[in-house]
Amino acid sequence: MEDVRVIFVHDWLTGTRGGEKCLEPLARRFPSARLYTLIHEPGRVPAAIEHLRPKTSALQRLPRVSRYYRYLLPVMPLAAGWQLPECDLVLSFSHCVAKSARPPAGVPHVCYCFTPMRYAWQLREAYFGRSWRAKAADWLLDRLRDWDRATAPRVSHFIAVSETVRDRIRVCYGRDSVVIYPPVDTDFFTPSDVPREDFYLCVSALAPYKRLDLAIEACSRLGKRLIVIGTGQDQRRLRSLAGPGIQLLGWQPDDVIRDHYRRCRALLFPGEEDFGIVPVEAQACGAPVIAYGKGGAIETVVEPGGFFEEQTVESLCEAIRDFERRGTGDCSQLRKQAERFSRKRYEEEMVRFLGNVLQEKRPRNERSRAKVDCQR
């Protein structure tokens, strides 16, 4: 497939989070591909992605746009009108507008879908609360939802990041999809012989829907030490909630995150995620995970970790108490579980799927000839 002309489309490239971790292995695999995105902040994504020299939208010309781009959601559908050149395959990585890219005529468009636009569909209240501003935004969000549904036919094949997202794609777009789980760097995130310490850990973007307030308030109520790693727009509010024993470390490099995974008593994961790479990274390092029992976490978290059933402080407190009563026990199963989501597995499954899509596109006589060539 090395000679295939591939075009990647990504919502925005302003940091290295789950979406960029999914794009990066394919960027290495197809170094001659073209990459389109709304906004690119140079130096904030892996070198393999930078190598593709992302082509940005008109939003890139706005001054310091990376500081406030989330507030440009109403105009993103307009900015996403990419004119894609001739190619053999379009692969979009989408949780917002990337899936709306129009492929050239006859070219398959595969969408690796992190979720249908969550602000417009499932998580309005988590993002906007119940204020008068949220009510005022309903009209706009309804229009975005209509647009999101209307652009789904531009995709020929959907890939979902989890069974949770597969269900959402079916409900929101009326389309089926296959599940290919995102990659986790299980070669880097490994256990060590350092002893576990008496603190809990959160690793997350500091966004309201991540519900880190639950972890902070639960640990404060129980008198437990908590370390939070990450940055985001909810940072000021979370710092105001943090009492003694709660540390917010801000952004940290991967080696520091790995060190905390290896030493923490358990990872707390209180948000509802589409998949959730962080719990798998933690389990790869032998750390149990206490997660909210909805979303992608129910497909990845295993004992001696566990779940809490309601997004309330009381429910999380009870889950922590139950975890401590049970004890950590044998954590070897955690590493085995994490290895199911390796980067090698992800790349192999993606390349195989894309190869099958391209095979379907060929005329029947060419497909037969290619099959004979492969058998030789």
# chains A, B, ... in the order shown; residues from 1 in each chain; ligands from 1
$ residues_around --residues "segment 231-247 of chain A" --least-positions-apart "4" --cutoff "9 Å" --atoms "only C-alpha atoms" --output "compact mmCIF listing (two decimals) with C-alpha atoms, in the first residue's frame"
# COMPACT_ATOMS: atom_id res chain seq x y z
CA SER A 204 -6.75 14.13 31.85
CA ALA A 205 -7.46 17.30 29.97
CA LEU A 206 -9.07 19.64 32.48
CA ALA A 207 -12.41 19.98 30.73
CA PRO A 208 -15.81 20.08 32.49
CA LEU A 212 -12.43 15.69 37.64
CA ASP A 213 -14.40 17.65 40.22
CA ILE A 216 -11.19 16.02 43.83
CA GLU A 217 -14.26 16.20 46.05
CA CYS A 219 -10.65 12.35 47.77
CA SER A 220 -11.10 15.48 49.89
CA GLY A 223 -8.98 12.32 53.27
CA LYS A 224 -7.11 10.66 50.40
CA ARG A 225 -4.14 12.11 48.58
CA LEU A 226 -4.81 12.87 44.89
CA ILE A 227 -2.44 13.97 42.11
CA TRP A 251 1.10 19.41 31.94
$ residues_around --residues "Arg262 of chain A" --least-positions-apart "4" --cutoff "8 Å" --atoms "only C-alpha atoms" --output "NGL selection string"
:A and (191-192 or 194 or 196 or 258 or 282 or 285-287)
$ write_last_selection --atoms "all heavy atoms" --output "compact mmCIF listing (two decimals), in the first residue's frame"
# COMPACT_ATOMS: atom_id res chain seq x y z
N PRO A 191 5.18 -1.94 33.52
CA PRO A 191 5.32 -1.97 34.98
C PRO A 191 6.78 -1.79 35.40
O PRO A 191 7.70 -1.89 34.58
CB PRO A 191 4.80 -3.35 35.36
CG PRO A 191 4.11 -3.88 34.15
CD PRO A 191 4.76 -3.23 32.98
N SER A 192 6.99 -1.54 36.68
CA SER A 192 8.34 -1.50 37.24
C SER A 192 8.31 -2.10 38.64
O SER A 192 7.24 -2.47 39.15
CB SER A 192 8.85 -0.05 37.30
OG SER A 192 8.21 0.66 38.34
N VAL A 194 9.14 -0.53 41.38
CA VAL A 194 8.98 0.47 42.45
C VAL A 194 7.70 0.16 43.22
O VAL A 194 6.70 -0.28 42.63
CB VAL A 194 8.94 1.90 41.88
CG1 VAL A 194 10.23 2.24 41.16
CG2 VAL A 194 7.75 2.09 40.95
N ARG A 196 4.16 0.59 45.20
CA ARG A 196 2.99 1.46 45.12
C ARG A 196 2.95 2.38 46.33
O ARG A 196 3.32 1.99 47.45
CB ARG A 196 1.71 0.62 45.07
CG ARG A 196 1.56 -0.21 43.80
CD ARG A 196 0.96 0.60 42.68
NE ARG A 196 1.24 0.00 41.38
CZ ARG A 196 1.06 0.62 40.23
NH1 ARG A 196 0.62 1.87 40.23
NH2 ARG A 196 1.32 0.03 39.09
N ARG A 258 4.24 8.22 33.20
CA ARG A 258 4.51 6.79 33.42
C ARG A 258 4.98 6.53 34.84
O ARG A 258 4.54 5.55 35.47
CB ARG A 258 5.58 6.31 32.43
CG ARG A 258 5.94 4.84 32.60
CD ARG A 258 6.97 4.40 31.56
NE ARG A 258 8.21 5.16 31.69
CZ ARG A 258 9.25 5.01 30.86
NH1 ARG A 258 9.19 4.13 29.88
NH2 ARG A 258 10.35 5.72 31.02
N ALA A 282 -2.55 3.19 32.12
CA ALA A 282 -2.36 2.91 33.54
C ALA A 282 -2.28 1.41 33.80
O ALA A 282 -1.40 0.93 34.53
CB ALA A 282 -3.50 3.53 34.35
N CYS A 285 0.90 -0.23 33.02
CA CYS A 285 1.91 -0.03 34.07
C CYS A 285 1.55 -0.76 35.37
O CYS A 285 2.22 -0.56 36.39
CB CYS A 285 2.08 1.46 34.34
SG CYS A 285 2.76 2.39 32.96
N GLY A 286 0.49 -1.56 35.33
CA GLY A 286 0.10 -2.33 36.50
C GLY A 286 -0.76 -1.61 37.50
O GLY A 286 -0.95 -2.10 38.62
N ALA A 287 -1.32 -0.44 37.11
CA ALA A 287 -2.15 0.34 38.03
C ALA A 287 -3.62 -0.02 37.87
O ALA A 287 -4.15 0.02 36.75
CB ALA A 287 -1.96 1.84 37.78
$ residues_around --residues "Arg211 of chain A" --least-positions-apart "6" --cutoff "12 Å" --atoms "only C-alpha atoms" --output "list of chain:residue names"
A:Ala126, A:Tyr127, A:Cys202, A:Val203, A:Ser204, A:Ala205, A:Glu217, A:Ala218, A:Asp234, A:Gln235, A:Arg237, A:Leu238, A:Leu268, A:Phe269, A:Pro270, A:Gly271, A:Glu272, A:Glu273, A:Ala291, A:Tyr292, A:Glu310, A:Gln311, A:Thr312, A:Val313, A:Leu316
$ closest_residue --among "A:Leu214, A:Lys336, A:Gly276, A:Thr16" --to "Pro253 of chain A" --atoms "only C-alpha atoms"
A:Thr16
$ closest_residue --among "A:His10, A:Arg67, A:Arg170, A:Arg154" --to "Pro104 of chain A" --atoms "only C-alpha atoms"
A:Arg154
$ select_by_dssp --residues "segment 146-321 of chain A" --states "strand (DSSP E or B)" --output "PDB file with C-alpha atoms, in the first residue's frame"
ATOM      1  CA  HIS A 157     -16.929   3.420   5.584  1.00  0.00           C
ATOM      2  CA  PHE A 158     -17.094   4.178   9.311  1.00  0.00           C
ATOM      3  CA  ILE A 159     -14.649   2.798  11.875  1.00  0.00           C
ATOM      4  CA  ALA A 160     -15.662   3.258  15.532  1.00  0.00           C
ATOM      5  CA  VAL A 178     -16.525  -1.788  12.497  1.00  0.00           C
ATOM      6  CA  VAL A 179     -14.602  -1.355  15.745  1.00  0.00           C
ATOM      7  CA  VAL A 184      -1.698   2.347  23.336  1.00  0.00           C
ATOM      8  CA  TYR A 200      -4.678   8.263  43.737  1.00  0.00           C
ATOM      9  CA  LEU A 201      -4.080   9.688  40.268  1.00  0.00           C
ATOM     10  CA  CYS A 202      -5.992  11.467  37.489  1.00  0.00           C
ATOM     11  CA  VAL A 203      -4.454  12.078  34.060  1.00  0.00           C
ATOM     12  CA  LEU A 226      -4.807  12.867  44.890  1.00  0.00           C
ATOM     13  CA  ILE A 227      -2.444  13.973  42.113  1.00  0.00           C
ATOM     14  CA  VAL A 228      -3.955  15.453  38.941  1.00  0.00           C
ATOM     15  CA  ILE A 229      -1.884  15.741  35.742  1.00  0.00           C
ATOM     16  CA  ILE A 246      -4.831  17.511  46.327  1.00  0.00           C
ATOM     17  CA  GLN A 247      -2.029  18.415  43.894  1.00  0.00           C
ATOM     18  CA  LEU A 248      -2.566  19.751  40.366  1.00  0.00           C
ATOM     19  CA  LEU A 249       0.719  19.320  38.516  1.00  0.00           C
ATOM     20  CA  GLY A 250      -0.350  20.778  35.177  1.00  0.00           C
ATOM     21  CA  ALA A 266      -5.051   3.470  41.511  1.00  0.00           C
ATOM     22  CA  LEU A 267      -6.128   5.709  38.652  1.00  0.00           C
ATOM     23  CA  LEU A 268      -9.465   7.502  39.014  1.00  0.00           C
ATOM     24  CA  PHE A 269     -11.348   7.949  35.740  1.00  0.00           C
ATOM     25  CA  VAL A 289      -8.454   1.769  37.524  1.00  0.00           C
ATOM     26  CA  ILE A 290     -11.638   2.970  39.215  1.00  0.00           C
ATOM     27  CA  ALA A 291     -13.836   4.272  36.389  1.00  0.00           C
ATOM     28  CA  TYR A 292     -17.337   5.559  35.753  1.00  0.00           C
ATOM     29  CA  GLY A 306     -13.759  -1.439  39.334  1.00  0.00           C
ATOM     30  CA  PHE A 307     -16.596   0.913  38.472  1.00  0.00           C
ATOM     31  CA  PHE A 308     -18.928   3.401  40.103  1.00  0.00           C
TER      32      PHE A 308
END
$ closest_residue --among "A:Pro116, A:Gly327, A:Pro77, A:Gly355" --to "Ser94 of chain A" --atoms "only C-alpha atoms"
A:Pro116
$ residues_around --residues "Arg28 of chain A" --least-positions-apart "5" --cutoff "9 Å" --atoms "only C-alpha atoms" --output "number ranges by chain"
A: 23, 48-49
$ write_last_selection --atoms "C-alpha atoms" --output "JSON list (two decimals), in the first residue's frame"
[["chain", "number", "residue", "atom", "x", "y", "z"],
["A", 23, "LEU", "CA", -3.07, 9.60, 13.40],
["A", 48, "ALA", "CA", 5.65, 12.13, 11.84],
["A", 49, "ILE", "CA", 2.58, 14.39, 11.72]]
$ atom_distance --atom1 "atom CA of Tyr173 of chain A" --atom2 "atom CA of Ala152 of chain A"
6.4 Å
$ atom_distance --atom1 "atom CA of Pro74 of chain A" --atom2 "atom CA of Tyr209 of chain A"
19.5 Å
$ residues_around --residues "Val4 of chain A" --least-positions-apart "3" --cutoff "12 Å" --atoms "only C-alpha atoms" --output "number ranges by chain"
A: 1, 7, 29-34, 86-90, 107, 351, 354-355, 358-359
$ residues_around --residues "Glu163 of chain A" --least-positions-apart "5" --cutoff "12 Å" --atoms "only C-alpha atoms" --output "list in words"
Cys113, Phe114, Thr115, Arg168, Ile169, Arg170, Asp176, Ser177, Val178, Val179, Ile180, Tyr181, Glu273, Asp274, Phe275, Lys294, Gly295, Gly296, Ala297, Ile298, Glu299 and Thr300 of chain A
$ write_last_selection --atoms "N, CA and C atoms" --output "PDB file, in the first residue's frame"
ATOM      1  N   CYS A 113     -13.944   7.317  13.496  1.00  0.00           N
ATOM      2  CA  CYS A 113     -14.843   8.192  14.251  1.00  0.00           C
ATOM      3  C   CYS A 113     -14.641   8.012  15.754  1.00  0.00           C
ATOM      4  N   PHE A 114     -14.154   9.066  16.397  1.00  0.00           N
ATOM      5  CA  PHE A 114     -14.017   9.058  17.849  1.00  0.00           C
ATOM      6  C   PHE A 114     -15.385   9.149  18.517  1.00  0.00           C
ATOM      7  N   THR A 115     -16.292   9.866  17.882  1.00  0.00           N
ATOM      8  CA  THR A 115     -17.689   9.958  18.318  1.00  0.00           C
ATOM      9  C   THR A 115     -18.405  10.911  17.374  1.00  0.00           C
ATOM     10  N   ARG A 168     -23.442   4.746  18.979  1.00  0.00           N
ATOM     11  CA  ARG A 168     -23.771   6.153  18.692  1.00  0.00           C
ATOM     12  C   ARG A 168     -23.864   6.404  17.193  1.00  0.00           C
ATOM     13  N   ILE A 169     -22.951   5.839  16.427  1.00  0.00           N
ATOM     14  CA  ILE A 169     -22.974   6.010  14.972  1.00  0.00           C
ATOM     15  C   ILE A 169     -24.269   5.450  14.406  1.00  0.00           C
ATOM     16  N   ARG A 170     -24.690   4.323  14.925  1.00  0.00           N
ATOM     17  CA  ARG A 170     -25.934   3.710  14.459  1.00  0.00           C
ATOM     18  C   ARG A 170     -27.131   4.609  14.773  1.00  0.00           C
ATOM     19  N   ASP A 176     -23.871   1.488  10.061  1.00  0.00           N
ATOM     20  CA  ASP A 176     -23.097   0.524  10.825  1.00  0.00           C
ATOM     21  C   ASP A 176     -21.614   0.867  10.686  1.00  0.00           C
ATOM     22  N   SER A 177     -20.792   0.242  11.509  1.00  0.00           N
ATOM     23  CA  SER A 177     -19.358   0.496  11.487  1.00  0.00           C
ATOM     24  C   SER A 177     -18.649  -0.731  12.030  1.00  0.00           C
ATOM     25  N   VAL A 178     -17.352  -0.766  11.847  1.00  0.00           N
ATOM     26  CA  VAL A 178     -16.525  -1.788  12.497  1.00  0.00           C
ATOM     27  C   VAL A 178     -15.772  -1.116  13.635  1.00  0.00           C
ATOM     28  N   VAL A 179     -15.346  -1.888  14.614  1.00  0.00           N
ATOM     29  CA  VAL A 179     -14.602  -1.355  15.745  1.00  0.00           C
ATOM     30  C   VAL A 179     -13.124  -1.706  15.603  1.00  0.00           C
ATOM     31  N   ILE A 180     -12.282  -0.684  15.619  1.00  0.00           N
ATOM     32  CA  ILE A 180     -10.839  -0.869  15.738  1.00  0.00           C
ATOM     33  C   ILE A 180     -10.393   0.015  16.897  1.00  0.00           C
ATOM     34  N   TYR A 181      -9.966  -0.598  17.968  1.00  0.00           N
ATOM     35  CA  TYR A 181      -9.608   0.167  19.163  1.00  0.00           C
ATOM     36  C   TYR A 181      -8.367   1.022  18.922  1.00  0.00           C
ATOM     37  N   GLU A 273     -16.102   8.481  28.594  1.00  0.00           N
ATOM     38  CA  GLU A 273     -15.251   8.663  27.424  1.00  0.00           C
ATOM     39  C   GLU A 273     -15.697   7.782  26.264  1.00  0.00           C
ATOM     40  N   ASP A 274     -15.300   8.204  25.067  1.00  0.00           N
ATOM     41  CA  ASP A 274     -15.601   7.436  23.866  1.00  0.00           C
ATOM     42  C   ASP A 274     -14.839   6.104  23.891  1.00  0.00           C
ATOM     43  N   PHE A 275     -13.574   6.163  24.248  1.00  0.00           N
ATOM     44  CA  PHE A 275     -12.748   4.971  24.456  1.00  0.00           C
ATOM     45  C   PHE A 275     -11.968   5.124  25.758  1.00  0.00           C
ATOM     46  N   LYS A 294     -19.705   3.750  32.409  1.00  0.00           N
ATOM     47  CA  LYS A 294     -20.327   3.974  31.106  1.00  0.00           C
ATOM     48  C   LYS A 294     -19.228   4.348  30.117  1.00  0.00           C
ATOM     49  N   GLY A 295     -19.546   4.239  28.831  1.00  0.00           N
ATOM     50  CA  GLY A 295     -18.587   4.620  27.808  1.00  0.00           C
ATOM     51  C   GLY A 295     -17.543   3.551  27.565  1.00  0.00           C
ATOM     52  N   GLY A 296     -16.448   3.963  26.945  1.00  0.00           N
ATOM     53  CA  GLY A 296     -15.423   3.019  26.536  1.00  0.00           C
ATOM     54  C   GLY A 296     -14.744   2.287  27.669  1.00  0.00           C
ATOM     55  N   ALA A 297     -14.748   2.853  28.876  1.00  0.00           N
ATOM     56  CA  ALA A 297     -14.051   2.214  29.995  1.00  0.00           C
ATOM     57  C   ALA A 297     -14.594   0.831  30.303  1.00  0.00           C
ATOM     58  N   ILE A 298     -15.870   0.606  30.061  1.00  0.00           N
ATOM     59  CA  ILE A 298     -16.436  -0.712  30.376  1.00  0.00           C
ATOM     60  C   ILE A 298     -15.888  -1.790  29.450  1.00  0.00           C
ATOM     61  N   GLU A 299     -15.243  -1.386  28.344  1.00  0.00           N
ATOM     62  CA  GLU A 299     -14.639  -2.338  27.419  1.00  0.00           C
ATOM     63  C   GLU A 299     -13.170  -2.582  27.707  1.00  0.00           C
ATOM     64  N   THR A 300     -12.576  -1.806  28.623  1.00  0.00           N
ATOM     65  CA  THR A 300     -11.130  -1.896  28.831  1.00  0.00           C
ATOM     66  C   THR A 300     -10.730  -2.169  30.277  1.00  0.00           C
TER      67      THR A 300
END
$ closest_residue --among "A:Arg175, A:Arg340, A:Arg17, A:Arg70" --to "Asp254 of chain A" --atoms "only C-alpha atoms"
A:Arg17
$ select_by_dssp --residues "segment 55-181 of chain A" --states "alpha helix (DSSP H)" --output "ChimeraX atom specification"
/A:76-79,124-128,132-150,163-173
$ atom_distance --atom1 "atom CA of Cys317 of chain A" --atom2 "atom CA of Leu222 of chain A"
7.2 Å
$ residues_around --residues "Glu281 of chain A" --least-positions-apart "3" --cutoff "8 Å" --atoms "only C-alpha atoms" --output "list in words"
Val184, Asp185, Thr186, Phe189, Tyr261, Ile277, Val278, Ala284, Cys285 and Ala338 of chain A
$ decode --residues "segment 43-74 of chain A" --atoms "N, CA, C and O atoms" --output "compact mmCIF listing (two decimals), in the first residue's frame"
# COMPACT_ATOMS: atom_id res chain seq x y z
N GLY A 43 4.88 22.25 16.30
CA GLY A 43 5.65 21.80 17.44
C GLY A 43 4.85 21.12 18.54
O GLY A 43 5.43 20.66 19.52
N ARG A 44 3.54 21.01 18.38
CA ARG A 44 2.70 20.43 19.43
C ARG A 44 2.26 19.00 19.13
O ARG A 44 1.54 18.41 19.91
N VAL A 45 2.67 18.47 17.98
CA VAL A 45 2.27 17.11 17.61
C VAL A 45 3.52 16.32 17.22
O VAL A 45 4.58 16.90 16.98
N PRO A 46 3.44 14.97 17.17
CA PRO A 46 4.61 14.16 16.85
C PRO A 46 5.25 14.51 15.52
O PRO A 46 4.59 15.03 14.59
N ALA A 47 6.55 14.21 15.41
CA ALA A 47 7.32 14.57 14.23
C ALA A 47 6.74 13.97 12.96
O ALA A 47 6.79 14.60 11.89
N ALA A 48 6.21 12.76 13.03
CA ALA A 48 5.65 12.13 11.84
C ALA A 48 4.47 12.92 11.29
O ALA A 48 4.24 12.96 10.07
N ILE A 49 3.71 13.55 12.17
CA ILE A 49 2.58 14.39 11.72
C ILE A 49 3.11 15.72 11.19
O ILE A 49 2.66 16.21 10.13
N GLU A 50 4.08 16.32 11.87
CA GLU A 50 4.67 17.57 11.39
C GLU A 50 5.27 17.38 10.00
O GLU A 50 5.21 18.28 9.15
N HIS A 51 5.84 16.20 9.75
CA HIS A 51 6.47 15.91 8.46
C HIS A 51 5.49 16.06 7.30
O HIS A 51 5.91 16.39 6.17
N LEU A 52 4.20 15.85 7.56
CA LEU A 52 3.21 15.93 6.48
C LEU A 52 2.84 17.37 6.12
O LEU A 52 2.07 17.59 5.19
N ARG A 53 3.37 18.34 6.88
CA ARG A 53 3.12 19.77 6.60
C ARG A 53 1.62 20.05 6.46
O ARG A 53 1.11 20.33 5.36
N PRO A 54 0.90 19.98 7.55
CA PRO A 54 -0.57 20.10 7.49
C PRO A 54 -1.04 21.37 6.77
O PRO A 54 -0.51 22.46 6.98
N LYS A 55 -2.03 21.18 5.91
CA LYS A 55 -2.66 22.30 5.21
C LYS A 55 -3.88 22.74 6.02
O LYS A 55 -4.77 21.94 6.29
N THR A 56 -3.91 24.00 6.43
CA THR A 56 -4.92 24.48 7.36
C THR A 56 -6.03 25.26 6.65
O THR A 56 -5.93 25.60 5.47
N SER A 57 -7.06 25.59 7.42
CA SER A 57 -8.21 26.34 6.91
C SER A 57 -8.00 27.84 7.13
O SER A 57 -6.98 28.28 7.68
N ALA A 58 -9.00 28.61 6.75
CA ALA A 58 -8.94 30.07 6.94
C ALA A 58 -8.87 30.45 8.41
O ALA A 58 -8.38 31.53 8.75
N LEU A 59 -9.30 29.58 9.32
CA LEU A 59 -9.23 29.89 10.75
C LEU A 59 -7.80 30.07 11.23
O LEU A 59 -7.56 30.77 12.22
N GLN A 60 -6.86 29.45 10.54
CA GLN A 60 -5.46 29.54 10.95
C GLN A 60 -4.95 30.98 10.91
O GLN A 60 -4.03 31.34 11.64
N ARG A 61 -5.58 31.81 10.06
CA ARG A 61 -5.11 33.19 9.91
C ARG A 61 -5.56 34.11 11.04
O ARG A 61 -5.10 35.24 11.13
N LEU A 62 -6.46 33.64 11.89
CA LEU A 62 -6.89 34.45 13.02
C LEU A 62 -5.77 34.55 14.05
O LEU A 62 -5.09 33.56 14.33
N PRO A 63 -5.55 35.73 14.65
CA PRO A 63 -4.44 35.87 15.60
C PRO A 63 -4.63 35.00 16.84
O PRO A 63 -5.71 34.96 17.42
N ARG A 64 -3.56 34.28 17.21
CA ARG A 64 -3.54 33.45 18.41
C ARG A 64 -4.75 32.51 18.51
O ARG A 64 -5.31 32.29 19.58
N VAL A 65 -5.13 31.96 17.39
CA VAL A 65 -6.36 31.18 17.32
C VAL A 65 -6.31 29.93 18.20
O VAL A 65 -7.35 29.46 18.69
N SER A 66 -5.12 29.40 18.45
CA SER A 66 -5.04 28.17 19.25
C SER A 66 -5.49 28.38 20.69
O SER A 66 -5.75 27.42 21.41
N ARG A 67 -5.60 29.65 21.12
CA ARG A 67 -6.03 29.93 22.49
C ARG A 67 -7.55 29.89 22.66
O ARG A 67 -8.04 29.74 23.77
N TYR A 68 -8.28 30.04 21.56
CA TYR A 68 -9.73 30.17 21.71
C TYR A 68 -10.51 29.43 20.62
O TYR A 68 -11.72 29.64 20.45
N TYR A 69 -9.85 28.52 19.90
CA TYR A 69 -10.50 27.89 18.74
C TYR A 69 -11.78 27.16 19.10
O TYR A 69 -12.69 27.05 18.28
N ARG A 70 -11.88 26.65 20.34
CA ARG A 70 -13.10 25.91 20.71
C ARG A 70 -14.34 26.79 20.62
O ARG A 70 -15.44 26.29 20.39
N TYR A 71 -14.16 28.08 20.83
CA TYR A 71 -15.30 28.99 20.76
C TYR A 71 -15.73 29.29 19.32
O TYR A 71 -16.72 29.98 19.10
N LEU A 72 -14.97 28.78 18.37
CA LEU A 72 -15.30 28.99 16.95
C LEU A 72 -16.14 27.85 16.39
O LEU A 72 -16.34 27.77 15.18
N LEU A 73 -16.67 27.01 17.26
CA LEU A 73 -17.47 25.88 16.82
C LEU A 73 -18.57 26.27 15.83
O LEU A 73 -18.78 25.55 14.84
N PRO A 74 -19.29 27.38 16.02
CA PRO A 74 -20.37 27.71 15.08
C PRO A 74 -19.91 27.90 13.63
O PRO A 74 -20.69 27.67 12.70
